[in-house]
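What follows is a short report on a single structure.
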Amino acid sequence: MRIERRLRQPRWLLVAVPAGSLVFAFFASGLVLLATGHDAVSSYRQIVDAAFLNSGALGQTLTQATPLAFTGLAAAAAFRMRLFNIGAEGQLFMGAIAADAAGLFLGDHGWPTAVVIFAMVVAGCAGGAAWASIPGLLRAFFKTNEIITSLMLNYVAAYVLTYLIFNTESYWRETKGFNASVFPTSKALPDPAFWPSATIHARGGIALPLGAGIAVLVAILLWFLYTRTRFGFEAQVLGDSPRAARYAGMRTRRKILAVMAISGAVAGIGGASQVGDFSHTLDADPNGLQKQYYGYTGIVVAALARYNPLACVIVAFLIGALQNAGNTLQGADFPSGLVGVMQGIILFSALGGELLVRYRVRVRRALPAVEAEAA
Amino acid sequence: MEVESEKDRRGAPGAPPPAAVVMRGIVKRFPGVLANDRVDFDAAAGEVHALLGENGAGKSTLSNILTGLYRPDAGEIFLDGEPVQFHSPRDALDARIFMVHQHFRLVEPFTVAENVVLGDHRGEGRTFRLRHRAIEERVAELSKRYGLAVDPRARVWQLSLGEQQRVEILKALYREARILILDEPTAVLTPQEADALFETLREMASEGRTVVFISHKLHEVKAVADRVTVLRGGRSIATVPAAEATLRSLASLMVGRELDTAAAPRARTAGDPVLELEDVWADSDRGGSAVRGASLVVRGGEIVAVAGVAGNGQRELAETVAGMRPATRGAIRIAGKAIRGGDPRAAIAAGVAYVPEDRLGTGVAPSLSIAANLALKGYREPHASRGPLLRLRRMRERALELIAHYRIAAPGPSAPARLLSGGNLQKVVLAREFSGRPRLLIAAAPTRGLDVGAIETVHAYVREAAADGVGVLLISEDLDEILTLADRIAVMYEGAVVGETARAEADVEEIGLLMAGGQDPRAD
């Protein structure tokens, strides 16, 4: 048996290998379940029920999947150009802060819902893009490693978020009411800033959040941008060979800035969607948004989707389903770590499957018999 | 695996000794390529045997099979008449077959002596504590005996490429190699070093070792080999005694057709200046100035060659004209108009085409498709985009046209560029640069590393461009190439143009003198 590099990657492989990896992952996870004394089949049934089939389960899954779709798309947008923006986490916080401010201000001043929502999306974009532009500028002009700077800025963004809730002068802090005087919380958004959701009347009603729709739209736009436009062409060349891009007369600094800003903007809409779709406040629990690690899980989503924006949406949905199931099922007979273990196994087998897309394993036939005429 | 001992081989006088190595019917397939197609090869003890062939003829594959790196799909190998099967490079080493690769396998922070014992699992290399003194003495002795001057205590990173190669050969000698394979060993050597190497190789052969010398340079093969095996397209074409072969006969065996080495004389009228350089200065990568006051004029339709020893600012000059490197002083005018320095886009817009020295790193985006690479510079033009949108179908059609017109051997327009061989990669670069309808073509070392057939093709395209009225600035270290192509020759030394002459009046000796920093005799 030996491993050879594939010269061509047949299209069917791009679907078959991830599907095969998934099957393998479930098989391997089943062994883990068995080893820990669980009935694998019934555990899987429980997971499927909790993720998709139970009353309200699908809505919960979408709630989990929506922010992951945004952070996954943000990571994919930058990684495609080999700009390793690890900062979707912080960019999402900044988007949430900006969108929350827009929602509070315009909502309180009696603007119609459509205008308020539009403003929140724009503010989310701007907040995320501005935050991502810091590592972008540093990278473009000082060749600073964006992995380090964007990662470090995540912590800064998290502290800014906490500060805006705790600071007495803060615009975002709730100052009225009994609860607010006991513990600092952020203001609740006024009604016009609530994002609507379409409801499908099945299985106890499935709410399709507006954010999920926006994520799909963003995915299509990103896919188009990267595969069908001059901008995408330049980004590809720059990602592959910065010297070749310069040689071809491309404006490399601008492109780095633009791609970082786009990546940040997408994460920022994720923050806006968090506020508008789900929490309706900057952060009810000071540790809520910060304990979700959407930004980091987004990197996993992007990697599993092979940086393809359309695949990001699907992967985000599946990871969201798994996390939702984990949250629902964790208890005495279903340890919370188990879902994490499964997620890890899925990631490993997906990345391992990647090898099969690029290489092929050929089982060696016996050497042809050597002719005896040699002499 | 079995190998006959030294004693057996020396025995049986009278009967012709079996060849030291015989490879018969070797077949090796790689995905999409038949690298070796029933190759036969044999080499005797005491012989320098050259393996000659173009890039991609299967020389490296064959030697990798002989050194146990690859296993053949079919065929057999005999050492001294005994069949052997190598399962790993270790087996080949045990049979005392050693290879000096083009890219050395040395540990840079280690000393020469340490590198020599590294991986040797007999004797000194096996002991837990290295006895440096003993190893160094042995290495010094070997290096003295074979004229391989190198300090055993020096660290490898301090050595020149020529010295590093000697370390590789010392490794082989230390292991008492019976068969030594050298893959294009002269690529990194100066002519003097190459001559010294040839002497060492002859010395080793005279002791009864077998030297396999891989090359695509005809005169070297003539100079050093006893016999030559020519490979072409993965097949062994012929084995001939070197003494009976001529350069021309070897070349035709290698490329499978007669070469037209005589430059077609051209009557050409030079047009208006397309490039004017006036006292141009530019920095080097390491600080300091690499280009120091270069002045030069290239007219439309003429080929001006810049000759010079590597590192005298030619590469930096080419990059400066192409806008990849800002000029710190002086004026650059393209077709009479001054261009913004350090801006490749401005240079491209002014009609400068540039074939860079570093094809894979600069000339193409290696992971992108051939179609994308053919559109790398023209992607803003109507043939690749309309407004902000790409025209993918049009790009693909254009790629197919260019692939056909320039005879690029490629699996298809969507295959990544890195899969192409050196010659075909260069054709992609040329196709793209020529199709941009340039005024000025800068070709930096356009044929470096290419085989004879590809060199001819590249030369033909450069001539064709000049015939179309394009001014060509050819930067080359290969004087033969310059004499073949150029109408005018400028010599660069220490960043400045120190002499200029028309091809018709060129005196090779004088050019050599100028390149070496000698004074221009006409200056006084």
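So you can find residues: chains in the structure tokens are A, B, ... in the order shown, residues in each start at 1, and ligands are numbered from 1 in order.
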Test item: residues at most 8 Å from Gln314 (chain B), only C-alpha atoms, excluding those fewer than 3 positions along its chain, as an MDAnalysis selection string
chainID B and resid 291 306 308 310:311 317:318 475 492 495
What does the file look like for those residues with N, CA and C atoms, as a PDB file, in the first residue's frame?
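Listing of out23.pdb after writing:
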ATOM      1  N   VAL B 291      22.760  49.068  -7.629  1.00  0.00           N
ATOM      2  CA  VAL B 291      22.906  49.726  -8.927  1.00  0.00           C
ATOM      3  C   VAL B 291      23.495  51.100  -8.644  1.00  0.00           C
ATOM      4  N   VAL B 306      22.778  42.588 -21.131  1.00  0.00           N
ATOM      5  CA  VAL B 306      23.620  43.055 -20.044  1.00  0.00           C
ATOM      6  C   VAL B 306      24.401  41.864 -19.542  1.00  0.00           C
ATOM      7  N   GLY B 308      27.582  40.243 -17.240  1.00  0.00           N
ATOM      8  CA  GLY B 308      28.234  40.550 -15.974  1.00  0.00           C
ATOM      9  C   GLY B 308      28.265  39.323 -15.103  1.00  0.00           C
ATOM     10  N   ALA B 310      27.503  37.345 -11.811  1.00  0.00           N
ATOM     11  CA  ALA B 310      26.352  37.442 -10.904  1.00  0.00           C
ATOM     12  C   ALA B 310      26.680  38.327  -9.712  1.00  0.00           C
ATOM     13  N   GLY B 311      25.692  39.159  -9.317  1.00  0.00           N
ATOM     14  CA  GLY B 311      25.889  39.984  -8.137  1.00  0.00           C
ATOM     15  C   GLY B 311      26.486  41.341  -8.428  1.00  0.00           C
ATOM     16  N   LEU B 317      18.920  45.908 -11.324  1.00  0.00           N
ATOM     17  CA  LEU B 317      18.605  46.830 -12.414  1.00  0.00           C
ATOM     18  C   LEU B 317      17.311  46.409 -13.106  1.00  0.00           C
ATOM     19  N   ALA B 318      17.194  45.110 -13.376  1.00  0.00           N
ATOM     20  CA  ALA B 318      15.982  44.603 -14.021  1.00  0.00           C
ATOM     21  C   ALA B 318      14.764  44.911 -13.161  1.00  0.00           C
ATOM     22  N   ILE B 475      19.122  40.038 -19.627  1.00  0.00           N
ATOM     23  CA  ILE B 475      20.101  39.967 -18.548  1.00  0.00           C
ATOM     24  C   ILE B 475      20.526  38.529 -18.433  1.00  0.00           C
ATOM     25  N   MET B 492      28.060  45.054 -17.132  1.00  0.00           N
ATOM     26  CA  MET B 492      27.863  45.686 -15.832  1.00  0.00           C
ATOM     27  C   MET B 492      28.902  45.181 -14.862  1.00  0.00           C
ATOM     28  N   GLY B 495      27.587  47.531 -10.342  1.00  0.00           N
ATOM     29  CA  GLY B 495      26.406  48.375 -10.412  1.00  0.00           C
ATOM     30  C   GLY B 495      26.390  49.404 -11.518  1.00  0.00           C
TER      31      GLY B 495
END
Proximal residues of chain B relative to chain A (only C-alpha atoms; 7 Å) as a ChimeraX atom specification
/B:31,73-75,324,344-345,361-365,367,376-377,388-390
List as a list of chain:residue names the protein and nucleic acid residues near Ala350 (chain A), meaning an atom at most 9 Å away when only C-alpha atoms are counted, but skip any in the same chain fewer than 3 places from it.
A:Val17, A:Pro18, A:Ala19, A:Gly20, A:Ser21, A:Leu22, A:Ala25, A:Leu304, A:Ile345, A:Ile346, A:Leu347, A:Gly353, A:Glu354
Mind checking DSSP for region 132-373 of chain A and telling me the strand (DSSP E) residues as a PyMOL selection string?
chain A and resi 197-200+206-209+359-362
Prev. selection, C-alpha atoms, output as an mmCIF file, in the first residue's frame:
data_model
loop_
_atom_site.group_PDB
_atom_site.id
_atom_site.type_symbol
_atom_site.label_atom_id
_atom_site.label_comp_id
_atom_site.auth_asym_id
_atom_site.auth_seq_id
_atom_site.Cartn_x
_atom_site.Cartn_y
_atom_site.Cartn_z
ATOM 1 C CA SER A 197 -38.209 36.105 12.762
ATOM 2 C CA ALA A 198 -40.259 34.041 10.376
ATOM 3 C CA THR A 199 -42.001 31.140 12.032
ATOM 4 C CA ILE A 200 -42.603 27.802 10.408
ATOM 5 C CA ILE A 206 -39.533 26.863 14.279
ATOM 6 C CA ALA A 207 -38.356 30.448 14.436
ATOM 7 C CA LEU A 208 -36.093 31.430 11.572
ATOM 8 C CA PRO A 209 -34.111 34.352 12.921
ATOM 9 C CA TYR A 359 -3.507 12.136 -2.011
ATOM 10 C CA ARG A 360 -4.702 8.727 -2.868
ATOM 11 C CA VAL A 361 -3.903 5.418 -1.337
ATOM 12 C CA ARG A 362 -3.145 2.749 -3.819
#
Could you check which of A:Ala76, A:Leu62, A:Ile269, A:Ile147 is closest to Ala302 (chain A), using only C-alpha atoms?
A:Ala76
Residue contacts of Val472 (chain B) (7 Å, only C-alpha atoms) excluding same-chain residues fewer than 4 positions away, as JSON, numbers by chain:
{"B": [302, 303, 304, 440, 441, 442, 466]}
Can you list, as JSON, numbers by chain, every residue of region 142-290 of chain A that DSSP puts in helix (DSSP H, G or I)?
{"A": [142, 146, 147, 148, 149, 150, 151, 152, 153, 154, 155, 156, 157, 158, 159, 160, 161, 162, 163, 164, 165, 166, 178, 179, 180, 181, 182, 191, 192, 193, 210, 211, 212, 213, 214, 215, 216, 217, 218, 219, 220, 221, 222, 223, 224, 225, 226, 227, 228, 230, 231, 232, 233, 234, 235, 236, 237, 238, 239, 240, 242, 243, 244, 245, 246, 247, 252, 253, 254, 255, 256, 257, 258, 259, 260, 261, 262, 263, 264, 265, 266, 267, 268, 269, 270, 271, 272, 273, 274, 275, 276, 277, 278, 279, 289, 290]}
Given the selection you just returned, output its residues as a file containing C-alpha atoms, formatted as a short mmCIF file (atom, residue, chain, number, x, y, z; two decimals), in the first residue's frame.
data_model
loop_
_atom_site.label_atom_id
_atom_site.label_comp_id
_atom_site.auth_asym_id
_atom_site.auth_seq_id
_atom_site.Cartn_x
_atom_site.Cartn_y
_atom_site.Cartn_z
CA PHE A 142 4.48 47.29 9.53
CA GLU A 146 -1.90 39.44 12.29
CA ILE A 147 -2.40 36.17 14.17
CA ILE A 148 -0.88 37.65 17.33
CA THR A 149 -2.42 41.11 17.05
CA SER A 150 -5.93 39.96 16.19
CA LEU A 151 -5.83 37.35 18.95
CA MET A 152 -4.65 39.85 21.56
CA LEU A 153 -7.33 42.32 20.53
CA ASN A 154 -9.92 39.70 21.43
CA TYR A 155 -9.02 40.18 25.07
CA VAL A 156 -9.09 43.94 24.72
CA ALA A 157 -12.55 43.75 23.13
CA ALA A 158 -13.78 41.47 25.92
CA TYR A 159 -12.62 43.95 28.55
CA VAL A 160 -14.16 46.85 26.67
CA LEU A 161 -17.45 44.93 26.66
CA THR A 162 -17.27 44.29 30.40
CA TYR A 163 -16.27 47.88 31.05
CA LEU A 164 -19.24 49.23 29.11
CA ILE A 165 -21.58 47.23 31.30
CA PHE A 166 -19.89 48.04 34.59
CA PHE A 178 -34.10 47.38 41.36
CA ASN A 179 -32.00 44.73 39.60
CA ALA A 180 -29.75 47.33 38.03
CA SER A 181 -28.86 48.73 41.44
CA VAL A 182 -28.01 45.27 42.75
CA ASP A 191 -39.14 47.04 20.78
CA PRO A 192 -38.37 48.57 17.37
CA ALA A 193 -34.83 47.18 17.66
CA LEU A 210 -33.42 37.27 10.58
CA GLY A 211 -29.71 36.82 11.31
CA ALA A 212 -29.76 33.33 9.80
CA GLY A 213 -31.16 34.78 6.59
CA ILE A 214 -28.53 37.50 6.58
CA ALA A 215 -25.80 34.87 7.11
CA VAL A 216 -26.95 32.97 4.03
CA LEU A 217 -26.98 36.20 2.04
CA VAL A 218 -23.50 37.12 3.26
CA ALA A 219 -22.24 33.65 2.32
CA ILE A 220 -23.55 34.02 -1.23
CA LEU A 221 -22.04 37.50 -1.53
CA LEU A 222 -18.65 36.31 -0.26
CA TRP A 223 -18.68 33.33 -2.60
CA PHE A 224 -19.42 35.65 -5.51
CA LEU A 225 -16.78 38.13 -4.40
CA TYR A 226 -14.05 35.52 -4.22
CA THR A 227 -14.81 33.51 -7.33
CA ARG A 228 -16.30 35.95 -9.78
CA ARG A 230 -11.42 41.05 -9.89
CA PHE A 231 -11.14 41.71 -6.18
CA GLY A 232 -11.35 38.00 -5.48
CA PHE A 233 -8.78 37.25 -8.16
CA GLU A 234 -6.33 39.67 -6.61
CA ALA A 235 -6.97 38.21 -3.17
CA GLN A 236 -6.25 34.72 -4.47
CA VAL A 237 -2.98 35.75 -6.09
CA LEU A 238 -1.93 37.64 -2.99
CA GLY A 239 -2.80 34.68 -0.81
CA ASP A 240 -0.77 32.34 -2.96
CA PRO A 242 2.67 38.04 -2.39
CA ARG A 243 5.70 38.54 -4.65
CA ALA A 244 3.74 37.49 -7.71
CA ALA A 245 0.96 39.88 -6.71
CA ARG A 246 3.40 42.76 -6.48
CA TYR A 247 4.98 41.71 -9.75
CA THR A 252 -1.17 44.66 -1.90
CA ARG A 253 -1.61 46.95 1.11
CA ARG A 254 -5.09 48.02 0.09
CA LYS A 255 -6.08 44.43 -0.42
CA ILE A 256 -4.86 43.38 3.01
CA LEU A 257 -6.80 46.23 4.59
CA ALA A 258 -9.93 45.50 2.57
CA VAL A 259 -9.94 41.78 3.31
CA MET A 260 -9.37 42.32 7.03
CA ALA A 261 -12.16 44.89 7.09
CA ILE A 262 -14.55 42.55 5.25
CA SER A 263 -13.70 39.74 7.62
CA GLY A 264 -14.27 42.00 10.62
CA ALA A 265 -17.49 43.36 9.17
CA VAL A 266 -18.94 39.86 8.79
CA ALA A 267 -18.07 39.02 12.39
CA GLY A 268 -19.55 42.38 13.36
CA ILE A 269 -22.92 41.52 11.78
CA GLY A 270 -22.75 38.38 13.90
CA GLY A 271 -22.54 40.65 16.92
CA ALA A 272 -25.46 42.75 15.68
CA SER A 273 -27.50 39.59 15.16
CA GLN A 274 -26.68 38.42 18.69
CA VAL A 275 -28.09 41.64 20.08
CA GLY A 276 -30.99 42.07 17.68
CA ASP A 277 -32.08 38.46 17.22
CA PHE A 278 -31.42 36.83 20.53
CA SER A 279 -30.25 38.65 23.64
CA LEU A 289 -21.41 36.34 25.22
CA GLN A 290 -17.82 35.94 26.31
#
Residues within 9 Å of His383 (chain B), only C-alpha atoms, excluding chain neighbours under 5 positions, as number ranges by chain:
B: 375, 378, 391, 394-395, 398
Selection near Gly103 (chain A), 12 Å with only C-alpha atoms, sequence-local residues under 5 positions removed, as JSON, numbers by chain
{"A": [95, 96, 97, 98, 108, 109, 110, 111, 112, 113, 114, 115, 116, 117, 118, 119, 120, 121, 122, 123, 124, 171, 172, 187, 188, 189, 190, 191, 192, 193, 194, 195, 272, 273, 275, 276, 277, 280, 281, 282]}
Just the selected residues (C-alpha atoms), exported as an mmCIF file, in the first residue's frame, please.
data_model
loop_
_atom_site.group_PDB
_atom_site.id
_atom_site.type_symbol
_atom_site.label_atom_id
_atom_site.label_comp_id
_atom_site.auth_asym_id
_atom_site.auth_seq_id
_atom_site.Cartn_x
_atom_site.Cartn_y
_atom_site.Cartn_z
ATOM 1 C CA GLY A 95 -20.112 44.661 16.297
ATOM 2 C CA ALA A 96 -22.488 43.877 19.141
ATOM 3 C CA ILE A 97 -21.480 47.015 21.040
ATOM 4 C CA ALA A 98 -21.947 49.266 18.010
ATOM 5 C CA ASP A 108 -35.684 55.227 21.678
ATOM 6 C CA HIS A 109 -36.108 58.059 19.231
ATOM 7 C CA GLY A 110 -39.067 56.488 17.544
ATOM 8 C CA TRP A 111 -37.573 55.366 14.230
ATOM 9 C CA PRO A 112 -39.411 52.615 12.384
ATOM 10 C CA THR A 113 -38.196 49.045 12.872
ATOM 11 C CA ALA A 114 -36.823 48.648 9.343
ATOM 12 C CA VAL A 115 -34.608 51.705 9.710
ATOM 13 C CA VAL A 116 -33.428 50.658 13.162
ATOM 14 C CA ILE A 117 -32.532 47.156 11.994
ATOM 15 C CA PHE A 118 -30.721 48.469 8.952
ATOM 16 C CA ALA A 119 -28.788 50.886 11.135
ATOM 17 C CA MET A 120 -27.893 48.079 13.541
ATOM 18 C CA VAL A 121 -26.520 45.940 10.722
ATOM 19 C CA VAL A 122 -24.491 48.850 9.380
ATOM 20 C CA ALA A 123 -23.215 49.702 12.851
ATOM 21 C CA GLY A 124 -22.303 46.066 13.468
ATOM 22 C CA TYR A 171 -24.471 54.624 27.640
ATOM 23 C CA TRP A 172 -25.035 50.875 27.512
ATOM 24 C CA LYS A 187 -29.937 48.280 28.913
ATOM 25 C CA ALA A 188 -32.595 46.249 27.166
ATOM 26 C CA LEU A 189 -33.278 47.190 23.564
ATOM 27 C CA PRO A 190 -36.572 48.963 22.821
ATOM 28 C CA ASP A 191 -39.142 47.044 20.785
ATOM 29 C CA PRO A 192 -38.368 48.565 17.366
ATOM 30 C CA ALA A 193 -34.831 47.175 17.663
ATOM 31 C CA PHE A 194 -36.024 43.575 18.000
ATOM 32 C CA TRP A 195 -35.208 41.660 14.834
ATOM 33 C CA ALA A 272 -25.460 42.752 15.681
ATOM 34 C CA SER A 273 -27.500 39.590 15.161
ATOM 35 C CA VAL A 275 -28.088 41.639 20.082
ATOM 36 C CA GLY A 276 -30.995 42.073 17.678
ATOM 37 C CA ASP A 277 -32.083 38.460 17.224
ATOM 38 C CA HIS A 280 -31.902 42.036 23.006
ATOM 39 C CA THR A 281 -29.368 43.572 25.321
ATOM 40 C CA LEU A 282 -25.633 43.960 25.073
#
Would you please work out which residue, of B:Ala140, B:Ala225, B:Ala172, B:Ile77, is nearest to Glu244 (chain B) when using only C-alpha atoms?
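Looking at the shortest contact to Glu244 (chain B), the residue is B:Ala225.
Distances to His219 (chain B) were evaluated for B:Leu52, B:Val167, B:His132, B:Asp42 using only C-alpha atoms, and the minimum falls at B:Leu52.
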Contacts of Leu170 (chain B) at 10 Å (only C-alpha atoms; same-chain gap of 2+ positions) as a ChimeraX atom specification
/B:112-113,115-117,139-140,142-143,146,148,150,164-168,172-177
Considering only C-alpha atoms, can you say which of A:Gly72, A:Leu310, A:Val15, A:Thr61 comes closest to Ile47 (chain A)?
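For Ile47 (chain A), the nearest of the candidates is A:Thr61.
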What does the distance between CA of Asp478 (chain B) and CA of Arg315 (chain B) come to in Å, to one decimal place?
14.0 Å
CA of Glu464 (chain B) and CA of Ala372 (chain B) are how many Å apart?
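Calculated distance between CA of Glu464 (chain B) and CA of Ala372 (chain B) is 24.8 Å.
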